[in-house]
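**Student:** Below is the file run_34.cif, which contains mmCIF, C-alpha atoms, pLDDT in the B column; chains and numbers go by the auth columns.
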```cif
data_query
#
loop_
_atom_site.group_PDB
_atom_site.id
_atom_site.type_symbol
_atom_site.label_atom_id
_atom_site.label_comp_id
_atom_site.label_asym_id
_atom_site.label_seq_id
_atom_site.Cartn_x
_atom_site.Cartn_y
_atom_site.Cartn_z
_atom_site.B_iso_or_equiv
_atom_site.auth_seq_id
_atom_site.auth_asym_id
ATOM 1 C CA MET A 1 -32.954 92.251 -110.542 59.00 1 K
ATOM 2 C CA ILE A 2 -33.435 95.874 -109.449 65.00 2 K
ATOM 3 C CA ASP A 3 -36.067 96.297 -112.192 87.00 3 K
ATOM 4 C CA VAL A 4 -38.040 93.303 -110.900 88.00 4 K
ATOM 5 C CA GLU A 5 -37.837 94.631 -107.353 90.00 5 K
ATOM 6 C CA ARG A 6 -39.139 97.992 -108.551 90.00 6 K
ATOM 7 C CA ALA A 7 -41.940 96.187 -110.395 93.00 7 K
ATOM 8 C CA GLY A 8 -42.835 94.550 -107.076 93.00 8 K
ATOM 9 C CA CYS A 9 -43.112 97.948 -105.393 94.00 9 K
ATOM 10 C CA ASP A 10 -44.966 99.504 -108.309 95.00 10 K
ATOM 11 C CA ILE A 11 -47.513 96.702 -108.539 96.00 11 K
ATOM 12 C CA MET A 12 -48.409 97.290 -104.900 96.00 12 K
ATOM 13 C CA ASN A 13 -49.159 100.934 -105.720 96.00 13 K
ATOM 14 C CA LEU A 14 -51.366 99.827 -108.616 98.00 14 K
ATOM 15 C CA PHE A 15 -53.195 97.353 -106.365 97.00 15 K
ATOM 16 C CA PHE A 16 -53.724 99.972 -103.645 97.00 16 K
ATOM 17 C CA ALA A 17 -55.010 102.579 -106.094 97.00 17 K
ATOM 18 C CA PHE A 18 -57.363 100.166 -107.870 98.00 18 K
ATOM 19 C CA ASP A 19 -58.613 98.849 -104.536 97.00 19 K
ATOM 20 C CA ALA A 20 -59.241 102.367 -103.216 97.00 20 K
ATOM 21 C CA TYR A 21 -61.292 103.295 -106.282 97.00 21 K
ATOM 22 C CA THR A 22 -63.294 100.063 -106.442 98.00 22 K
ATOM 23 C CA ASP A 23 -64.010 99.958 -102.695 96.00 23 K
ATOM 24 C CA ILE A 24 -66.374 102.906 -103.145 97.00 24 K
ATOM 25 C CA ALA A 25 -67.569 102.068 -106.665 98.00 25 K
ATOM 26 C CA VAL A 26 -70.863 100.606 -107.785 98.00 26 K
ATOM 27 C CA PRO A 27 -70.562 97.603 -110.128 98.00 27 K
ATOM 28 C CA HIS A 28 -70.684 99.480 -113.446 98.00 28 K
ATOM 29 C CA GLU A 29 -68.042 101.939 -112.195 98.00 29 K
ATOM 30 C CA ALA A 30 -65.821 99.067 -111.054 98.00 30 K
ATOM 31 C CA GLN A 31 -66.167 97.459 -114.486 98.00 31 K
ATOM 32 C CA GLN A 32 -65.192 100.740 -116.165 98.00 32 K
ATOM 33 C CA LEU A 33 -62.170 101.055 -113.885 98.00 33 K
ATOM 34 C CA ALA A 34 -61.163 97.457 -114.633 98.00 34 K
ATOM 35 C CA SER A 35 -61.393 98.146 -118.376 98.00 35 K
ATOM 36 C CA ILE A 36 -59.312 101.299 -117.993 98.00 36 K
ATOM 37 C CA VAL A 37 -56.629 99.458 -116.006 98.00 37 K
ATOM 38 C CA MET A 38 -56.452 96.573 -118.458 98.00 38 K
ATOM 39 C CA ASP A 39 -56.236 98.958 -121.413 98.00 39 K
ATOM 40 C CA GLY A 40 -53.395 100.798 -119.682 98.00 40 K
ATOM 41 C CA LEU A 41 -51.555 97.528 -119.057 98.00 41 K
ATOM 42 C CA ARG A 42 -52.082 96.231 -122.594 98.00 42 K
ATOM 43 C CA ASN A 43 -51.232 99.522 -124.305 98.00 43 K
ATOM 44 C CA PRO A 44 -48.381 101.214 -122.441 97.00 44 K
ATOM 45 C CA ASP A 45 -47.480 103.399 -125.432 97.00 45 K
ATOM 46 C CA LYS A 46 -51.015 104.732 -125.914 97.00 46 K
ATOM 47 C CA PRO A 47 -51.678 108.118 -124.276 97.00 47 K
ATOM 48 C CA ARG A 48 -54.572 108.032 -121.827 98.00 48 K
ATOM 49 C CA PRO A 49 -57.674 110.026 -122.726 97.00 49 K
ATOM 50 C CA SER A 50 -58.123 113.374 -121.027 96.00 50 K
ATOM 51 C CA GLY A 51 -60.632 113.276 -118.203 96.00 51 K
ATOM 52 C CA GLU A 52 -60.056 109.573 -117.580 98.00 52 K
ATOM 53 C CA SER A 53 -59.479 108.293 -114.053 97.00 53 K
ATOM 54 C CA VAL A 54 -55.814 108.558 -113.032 97.00 54 K
ATOM 55 C CA ILE A 55 -55.850 104.758 -112.543 98.00 55 K
ATOM 56 C CA GLY A 56 -55.371 104.388 -116.311 98.00 56 K
ATOM 57 C CA GLU A 57 -52.159 106.387 -116.213 98.00 57 K
ATOM 58 C CA ILE A 58 -50.948 104.488 -113.149 98.00 58 K
ATOM 59 C CA ALA A 59 -51.509 101.200 -115.000 98.00 59 K
ATOM 60 C CA ARG A 60 -49.915 102.515 -118.195 98.00 60 K
ATOM 61 C CA GLN A 61 -46.796 103.715 -116.401 97.00 61 K
ATOM 62 C CA PHE A 62 -46.519 100.455 -114.463 96.00 62 K
ATOM 63 C CA SER A 63 -46.695 98.511 -117.720 96.00 63 K
ATOM 64 C CA LYS A 64 -44.310 100.813 -119.581 95.00 64 K
ATOM 65 C CA ILE A 65 -41.641 100.571 -116.894 94.00 65 K
ATOM 66 C CA SER A 66 -42.112 97.084 -115.476 93.00 66 K
ATOM 67 C CA MET A 67 -42.735 95.070 -118.604 92.00 67 K
ATOM 68 C CA LYS A 68 -39.266 95.980 -119.883 91.00 68 K
ATOM 69 C CA CYS A 69 -37.793 93.387 -117.543 90.00 69 K
ATOM 70 C CA ALA A 70 -40.371 90.674 -118.309 93.00 70 K
ATOM 71 C CA SER A 71 -39.964 87.893 -120.822 92.00 71 K
ATOM 72 C CA GLU A 72 -42.682 87.698 -123.481 92.00 72 K
ATOM 73 C CA ILE A 73 -44.175 84.618 -121.807 93.00 73 K
ATOM 74 C CA ALA A 74 -44.210 86.344 -118.410 94.00 74 K
ATOM 75 C CA ARG A 75 -45.704 89.491 -119.945 95.00 75 K
ATOM 76 C CA ARG A 76 -48.630 87.538 -121.449 95.00 76 K
ATOM 77 C CA ARG A 77 -49.097 85.584 -118.249 96.00 77 K
ATOM 78 C CA PHE A 78 -49.057 88.738 -116.137 97.00 78 K
ATOM 79 C CA ILE A 79 -51.730 90.409 -118.300 98.00 79 K
ATOM 80 C CA ALA A 80 -53.931 87.294 -118.068 97.00 80 K
ATOM 81 C CA LYS A 81 -53.531 87.064 -114.282 98.00 81 K
ATOM 82 C CA PHE A 82 -54.156 90.781 -113.795 98.00 82 K
ATOM 83 C CA ASP A 83 -57.280 90.498 -115.932 98.00 83 K
ATOM 84 C CA MET A 84 -58.491 87.711 -113.624 98.00 84 K
ATOM 85 C CA TYR A 85 -57.714 89.961 -110.653 98.00 85 K
ATOM 86 C CA THR A 86 -59.728 92.909 -112.001 98.00 86 K
ATOM 87 C CA ALA A 87 -62.641 90.621 -112.929 98.00 87 K
ATOM 88 C CA ALA A 88 -62.681 89.200 -109.397 98.00 88 K
ATOM 89 C CA VAL A 89 -62.625 92.702 -107.885 98.00 89 K
ATOM 90 C CA VAL A 90 -65.592 93.621 -110.089 98.00 90 K
ATOM 91 C CA GLN A 91 -67.369 90.475 -108.866 98.00 91 K
ATOM 92 C CA GLU A 92 -66.627 91.499 -105.283 97.00 92 K
ATOM 93 C CA THR A 93 -68.225 94.883 -106.036 98.00 93 K
ATOM 94 C CA ILE A 94 -71.317 93.149 -107.439 98.00 94 K
ATOM 95 C CA ASP A 95 -71.529 90.922 -104.362 98.00 95 K
ATOM 96 C CA ARG A 96 -71.256 93.968 -102.098 97.00 96 K
ATOM 97 C CA ALA A 97 -73.981 95.854 -104.013 97.00 97 K
ATOM 98 C CA GLU A 98 -76.317 92.852 -103.864 97.00 98 K
ATOM 99 C CA ASN A 99 -75.495 92.052 -100.214 98.00 99 K
ATOM 100 C CA HIS A 100 -74.470 88.605 -101.419 97.00 100 K
ATOM 101 C CA ILE A 101 -72.648 86.552 -98.805 97.00 101 K
ATOM 102 C CA ARG A 102 -70.713 83.635 -100.271 97.00 102 K
ATOM 103 C CA SER A 103 -70.090 80.237 -98.738 96.00 103 K
ATOM 104 C CA ILE A 104 -66.539 79.759 -97.485 93.00 104 K
ATOM 105 C CA ASP A 105 -65.587 77.712 -100.554 94.00 105 K
ATOM 106 C CA ASP A 106 -67.113 80.265 -102.943 95.00 106 K
ATOM 107 C CA TYR A 107 -65.472 83.080 -100.998 94.00 107 K
ATOM 108 C CA PHE A 108 -62.032 81.554 -101.521 94.00 108 K
ATOM 109 C CA LEU A 109 -62.696 81.040 -105.235 94.00 109 K
ATOM 110 C CA VAL A 110 -63.092 84.802 -105.591 96.00 110 K
ATOM 111 C CA ARG A 111 -60.701 85.904 -102.837 96.00 111 K
ATOM 112 C CA ARG A 112 -57.701 84.027 -104.197 95.00 112 K
ATOM 113 C CA HIS A 113 -57.917 86.420 -107.135 97.00 113 K
ATOM 114 C CA THR A 114 -58.915 89.646 -105.327 97.00 114 K
ATOM 115 C CA ILE A 115 -55.925 89.386 -102.984 96.00 115 K
ATOM 116 C CA GLY A 116 -53.629 90.122 -105.952 96.00 116 K
ATOM 117 C CA ALA A 117 -51.289 87.209 -105.303 97.00 117 K
ATOM 118 C CA MET A 118 -51.640 85.591 -108.727 97.00 118 K
ATOM 119 C CA PRO A 119 -50.286 88.530 -110.754 97.00 119 K
ATOM 120 C CA SER A 120 -47.669 89.087 -108.046 96.00 120 K
ATOM 121 C CA PHE A 121 -46.450 85.504 -108.385 96.00 121 K
ATOM 122 C CA VAL A 122 -45.683 86.212 -112.047 96.00 122 K
ATOM 123 C CA LEU A 123 -43.069 88.736 -110.940 94.00 123 K
ATOM 124 C CA LEU A 124 -41.089 85.822 -109.485 92.00 124 K
ATOM 125 C CA HIS A 125 -40.408 84.540 -112.993 91.00 125 K
ATOM 126 C CA PHE A 126 -40.488 87.830 -114.902 91.00 126 K
ATOM 127 C CA GLU A 127 -37.035 87.337 -116.378 89.00 127 K
ATOM 128 C CA LEU A 128 -37.409 83.622 -117.080 89.00 128 K
ATOM 129 C CA GLU A 129 -38.630 81.938 -120.261 89.00 129 K
ATOM 130 C CA LEU A 130 -40.621 79.200 -118.535 91.00 130 K
ATOM 131 C CA PRO A 131 -43.040 77.397 -120.844 92.00 131 K
ATOM 132 C CA GLU A 132 -46.776 77.620 -120.119 91.00 132 K
ATOM 133 C CA GLU A 133 -46.836 73.862 -119.401 95.00 133 K
ATOM 134 C CA VAL A 134 -44.981 74.535 -116.153 95.00 134 K
ATOM 135 C CA PHE A 135 -47.869 76.649 -114.890 93.00 135 K
ATOM 136 C CA GLU A 136 -50.544 74.309 -116.205 94.00 136 K
ATOM 137 C CA ASP A 137 -49.174 71.476 -114.062 97.00 137 K
ATOM 138 C CA PRO A 138 -51.815 70.562 -111.446 97.00 138 K
ATOM 139 C CA VAL A 139 -49.243 70.581 -108.638 97.00 139 K
ATOM 140 C CA ILE A 140 -48.125 74.117 -109.492 96.00 140 K
ATOM 141 C CA GLN A 141 -51.762 75.263 -109.716 96.00 141 K
ATOM 142 C CA ARG A 142 -52.538 73.755 -106.300 97.00 142 K
ATOM 143 C CA LEU A 143 -49.448 75.472 -104.848 97.00 143 K
ATOM 144 C CA GLU A 144 -50.517 78.814 -106.320 96.00 144 K
ATOM 145 C CA ASN A 145 -54.036 78.425 -104.941 96.00 145 K
ATOM 146 C CA ALA A 146 -52.827 77.320 -101.510 97.00 146 K
ATOM 147 C CA SER A 147 -50.351 80.211 -101.381 97.00 147 K
ATOM 148 C CA ALA A 148 -53.031 82.740 -102.342 97.00 148 K
ATOM 149 C CA ASP A 149 -55.375 81.259 -99.722 96.00 149 K
ATOM 150 C CA MET A 150 -52.700 81.561 -97.028 96.00 150 K
ATOM 151 C CA ILE A 151 -52.003 85.164 -98.013 96.00 151 K
ATOM 152 C CA SER A 152 -55.750 85.854 -97.799 94.00 152 K
ATOM 153 C CA LEU A 153 -55.972 84.274 -94.353 93.00 153 K
ATOM 154 C CA CYS A 154 -52.961 86.250 -93.122 93.00 154 K
ATOM 155 C CA ASN A 155 -54.551 89.414 -94.485 90.00 155 K
ATOM 156 C CA VAL A 156 -57.764 88.699 -92.560 86.00 156 K
ATOM 157 C CA CYS A 157 -55.813 88.049 -89.350 89.00 157 K
ATOM 158 C CA ILE A 158 -53.795 91.234 -89.671 89.00 158 K
ATOM 159 C CA THR A 159 -56.868 93.289 -90.549 85.00 159 K
ATOM 160 C CA CYS A 160 -58.768 91.960 -87.542 82.00 160 K
ATOM 161 C CA PHE A 161 -56.042 93.066 -85.142 77.00 161 K
ATOM 162 C CA LEU A 162 -55.515 96.588 -86.509 71.00 162 K
#
```
Could you write out this structure as C-alpha coordinates?

**Tutor:**
Amino acid sequence: MIDVERAGCDIMNLFFAFDAYTDIAVPHEAQQLASIVMDGLRNPDKPRPSGESVIGEIARQFSKISMKCASEIARRRFIAKFDMYTAAVVQETIDRAENHIRSIDDYFLVRRHTIGAMPSFVLLHFELELPEEVFEDPVIQRLENASADMISLCNVCITCFL
(Lines of atoms letter the chains of each structure in order from A and count residues from 1; the text may use other names and numbers.)
(Lines give C-alpha, C1' and ligand atoms only; values in the text may rest on other atoms or scores of the structure.)
Protein backbone atom coordinates (compact mmCIF):
# COMPACT_ATOMS: atom_id res chain seq x y z
CA MET A 1 0.00 0.00 0.00
CA ILE A 2 2.92 2.36 0.65
CA ASP A 3 3.86 2.14 -3.05
CA VAL A 4 0.34 3.18 -4.11
CA GLU A 5 0.40 6.07 -1.64
CA ARG A 6 3.74 7.20 -3.07
CA ALA A 7 2.27 6.92 -6.57
CA GLY A 8 -0.51 9.24 -5.40
CA CYS A 9 2.04 11.83 -4.26
CA ASP A 10 4.19 11.42 -7.35
CA ILE A 11 1.29 11.78 -9.76
CA MET A 12 0.47 15.13 -8.18
CA ASN A 13 4.02 16.30 -8.91
CA LEU A 14 3.65 15.16 -12.52
CA PHE A 15 0.31 16.99 -12.82
CA PHE A 16 1.75 20.19 -11.32
CA ALA A 17 4.81 20.14 -13.57
CA PHE A 18 2.82 19.43 -16.74
CA ASP A 19 0.28 22.09 -15.81
CA ALA A 20 3.01 24.67 -15.15
CA TYR A 21 4.60 24.05 -18.54
CA THR A 22 1.36 23.98 -20.53
CA ASP A 23 -0.12 27.05 -18.81
CA ILE A 24 2.42 29.21 -20.65
CA ALA A 25 2.66 27.11 -23.82
CA VAL A 26 1.19 27.77 -27.23
CA PRO A 27 -0.76 24.84 -28.73
CA HIS A 28 2.09 23.22 -30.67
CA GLU A 29 4.35 23.40 -27.59
CA ALA A 30 1.62 21.85 -25.43
CA GLN A 31 1.24 19.04 -27.96
CA GLN A 32 5.00 18.42 -27.90
CA LEU A 33 4.97 18.34 -24.10
CA ALA A 34 2.03 15.92 -24.13
CA SER A 35 3.91 13.63 -26.53
CA ILE A 36 7.02 13.78 -24.35
CA VAL A 37 5.03 12.92 -21.21
CA MET A 38 3.21 10.03 -22.86
CA ASP A 39 6.46 8.65 -24.26
CA GLY A 40 8.00 8.83 -20.79
CA LEU A 41 5.03 7.00 -19.29
CA ARG A 42 4.94 4.33 -21.99
CA ASN A 43 8.71 3.77 -22.05
CA PRO A 44 10.07 3.99 -18.51
CA ASP A 45 13.25 2.09 -19.42
CA LYS A 46 14.12 4.35 -22.36
CA PRO A 47 16.62 7.13 -21.54
CA ARG A 48 15.28 10.59 -22.32
CA PRO A 49 16.97 12.53 -25.11
CA SER A 50 19.44 15.21 -24.09
CA GLY A 51 18.02 18.70 -24.34
CA GLU A 52 14.45 17.47 -23.87
CA SER A 53 12.15 19.19 -21.39
CA VAL A 54 12.60 17.81 -17.86
CA ILE A 55 8.89 16.82 -17.96
CA GLY A 56 9.90 13.71 -19.93
CA GLU A 57 12.20 12.56 -17.15
CA ILE A 58 9.58 13.34 -14.51
CA ALA A 59 7.07 11.18 -16.41
CA ARG A 60 9.61 8.41 -16.99
CA GLN A 61 10.58 8.24 -13.32
CA PHE A 62 6.94 8.30 -12.24
CA SER A 63 6.21 5.38 -14.56
CA LYS A 64 9.33 3.44 -13.60
CA ILE A 65 8.59 3.66 -9.89
CA SER A 66 4.80 3.72 -9.73
CA MET A 67 3.90 1.14 -12.33
CA LYS A 68 5.70 -1.54 -10.30
CA CYS A 69 2.71 -1.68 -7.97
CA ALA A 70 0.07 -1.65 -10.73
CA SER A 71 -1.60 -4.68 -12.22
CA GLU A 72 -1.28 -5.01 -16.00
CA ILE A 73 -4.94 -4.02 -16.45
CA ALA A 74 -4.49 -0.95 -14.23
CA ARG A 75 -1.27 -0.03 -16.03
CA ARG A 76 -3.01 -0.04 -19.44
CA ARG A 77 -5.98 1.83 -18.04
CA PHE A 78 -3.76 4.44 -16.40
CA ILE A 79 -1.87 5.10 -19.66
CA ALA A 80 -5.17 5.48 -21.55
CA LYS A 81 -6.61 7.86 -18.94
CA PHE A 82 -3.41 9.91 -18.77
CA ASP A 83 -3.41 10.17 -22.56
CA MET A 84 -6.97 11.55 -22.37
CA TYR A 85 -5.77 14.01 -19.72
CA THR A 86 -2.87 15.31 -21.83
CA ALA A 87 -5.12 15.58 -24.91
CA ALA A 88 -7.64 17.62 -22.92
CA VAL A 89 -4.89 19.92 -21.61
CA VAL A 90 -3.73 20.46 -25.20
CA GLN A 91 -7.33 21.28 -26.15
CA GLU A 92 -7.49 23.76 -23.27
CA THR A 93 -4.32 25.39 -24.66
CA ILE A 94 -5.92 25.63 -28.11
CA ASP A 95 -9.06 27.16 -26.61
CA ARG A 96 -6.96 29.70 -24.71
CA ALA A 97 -4.96 30.65 -27.84
CA GLU A 98 -8.15 31.09 -29.87
CA ASN A 99 -10.01 32.91 -27.07
CA HIS A 100 -12.65 30.20 -27.35
CA ILE A 101 -15.17 30.24 -24.52
CA ARG A 102 -17.10 26.99 -24.18
CA SER A 103 -20.68 26.49 -23.09
CA ILE A 104 -21.02 25.08 -19.58
CA ASP A 105 -21.74 21.58 -20.91
CA ASP A 106 -18.79 21.71 -23.32
CA TYR A 107 -16.59 23.12 -20.57
CA PHE A 108 -17.32 20.13 -18.34
CA LEU A 109 -16.63 17.69 -21.19
CA VAL A 110 -13.08 19.02 -21.35
CA ARG A 111 -12.63 19.94 -17.68
CA ARG A 112 -13.47 16.49 -16.34
CA HIS A 113 -10.28 15.38 -18.07
CA THR A 114 -8.05 18.42 -17.43
CA ILE A 115 -8.64 18.20 -13.68
CA GLY A 116 -6.61 14.96 -13.62
CA ALA A 117 -9.19 12.98 -11.67
CA MET A 118 -9.58 10.17 -14.20
CA PRO A 119 -5.96 8.95 -14.09
CA SER A 120 -5.97 9.51 -10.33
CA PHE A 121 -9.00 7.25 -9.93
CA VAL A 122 -6.99 4.43 -11.50
CA LEU A 123 -4.63 4.55 -8.52
CA LEU A 124 -7.54 3.36 -6.37
CA HIS A 125 -7.44 -0.02 -8.10
CA PHE A 126 -3.75 -0.16 -9.01
CA GLU A 127 -3.19 -3.47 -7.26
CA LEU A 128 -6.46 -5.07 -8.34
CA GLU A 129 -7.13 -7.21 -11.42
CA LEU A 130 -10.55 -5.75 -12.19
CA PRO A 131 -11.80 -6.59 -15.68
CA GLU A 132 -12.39 -3.75 -18.14
CA GLU A 133 -16.14 -4.54 -18.12
CA VAL A 134 -16.34 -3.10 -14.61
CA PHE A 135 -15.23 0.30 -15.89
CA GLU A 136 -17.36 0.14 -19.03
CA ASP A 137 -20.51 -0.17 -16.92
CA PRO A 138 -22.64 2.96 -17.48
CA VAL A 139 -23.19 3.43 -13.74
CA ILE A 140 -19.45 3.41 -13.04
CA GLN A 141 -18.85 5.84 -15.92
CA ARG A 142 -21.53 8.21 -14.58
CA LEU A 143 -19.97 8.00 -11.10
CA GLU A 144 -16.52 8.79 -12.51
CA ASN A 145 -17.88 11.75 -14.47
CA ALA A 146 -19.89 13.08 -11.53
CA SER A 147 -16.88 12.71 -9.22
CA ALA A 148 -14.60 14.54 -11.66
CA ASP A 149 -17.21 17.30 -12.05
CA MET A 150 -17.45 17.72 -8.27
CA ILE A 151 -13.66 17.88 -7.97
CA SER A 152 -13.65 20.54 -10.71
CA LEU A 153 -16.32 22.57 -8.93
CA CYS A 154 -14.46 22.34 -5.62
CA ASN A 155 -11.29 23.45 -7.39
CA VAL A 156 -13.09 26.51 -8.80
CA CYS A 157 -14.49 27.39 -5.37
CA ILE A 158 -11.12 27.09 -3.67
CA THR A 159 -9.37 29.05 -6.42
CA CYS A 160 -11.91 31.86 -6.20
CA PHE A 161 -11.29 32.33 -2.48
CA LEU A 162 -7.48 32.29 -2.56

**Student:** So the first atom is atom CA of K:Met150 and the second is atom CA of K:Ser120; what is the distance between them in Å, to one decimal place?

**Tutor:**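 Going from atom CA of K:Met150 over to atom CA of K:Ser120, I get 14.3 Å.
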
**Student:** Need the shell around stretch 67-84 of chain K: protein/DNA/RNA residues with any atom at most 10 Å away, counting all atoms listed in the file. Skip same-chain ones fewer than 4 positions apart. Format as a PyMOL selection string?

**Tutor:** chain K and resi 1-4+7+15+34-35+37-38+41-42+44+61-63+88-90+110+113-114+116-132+135

**Student:** So what do you get for atom CA of K:Phe161 versus atom CA of K:Val26, distance-wise?

**Tutor:** 28.1 Å

**Student:** Box in all listed atoms of stretch 123-134 of chain K, axis-aligned, with 4 Å more on each side; write out centre and edge lengths in Å to one decimal as lines of an AutoDock Vina configuration file.

**Tutor:**
```
center_x = -41.9
center_y = 81.3
center_z = -115.2
size_x = 17.8
size_y = 22.9
size_z = 19.4
```

**Student:** On this file, the PyMOL selection byres ((chain K and resi 17) around 12) gives some set of residues; write that set as number ranges by chain.

**Tutor:** K: 10-16, 18-24, 33-34, 37, 53-59

**Student:** In Å to one decimal, how far is atom CA of K:Leu109 from atom CA of K:Ile140?

**Tutor:**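 Computing it gives 16.7 Å between the two atoms.
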
**Student:** Taking all atoms listed in the file into account, name the residue in K:Asp137, K:Leu162, K:Asn43, K:Tyr107 that is nearest to K:Asp149.

**Tutor:**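 Looking only at the distances to K:Asp149, the closest residue turns out to be K:Tyr107.
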
**Student:** Using only C-alpha atoms, can you tell me which of K:Ser103, K:Thr86, K:Thr93, K:Gln141 comes closest to K:Asp39?

**Tutor:** K:Thr86

**Student:** When you count all atoms listed in the file, which of these residues is closest to K:Tyr85: K:Cys154, K:Arg111, K:Ser50, K:His100?

**Tutor:**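 The closest residue to K:Tyr85 is K:Arg111.
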
**Student:** Between K:Arg96, K:Arg142, K:Arg48, K:Arg6, which residue has the minimum interatomic distance to K:Ala30, considering all atoms listed in the file?

**Tutor:**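 That would be K:Arg96, the residue with the smallest distance to K:Ala30.
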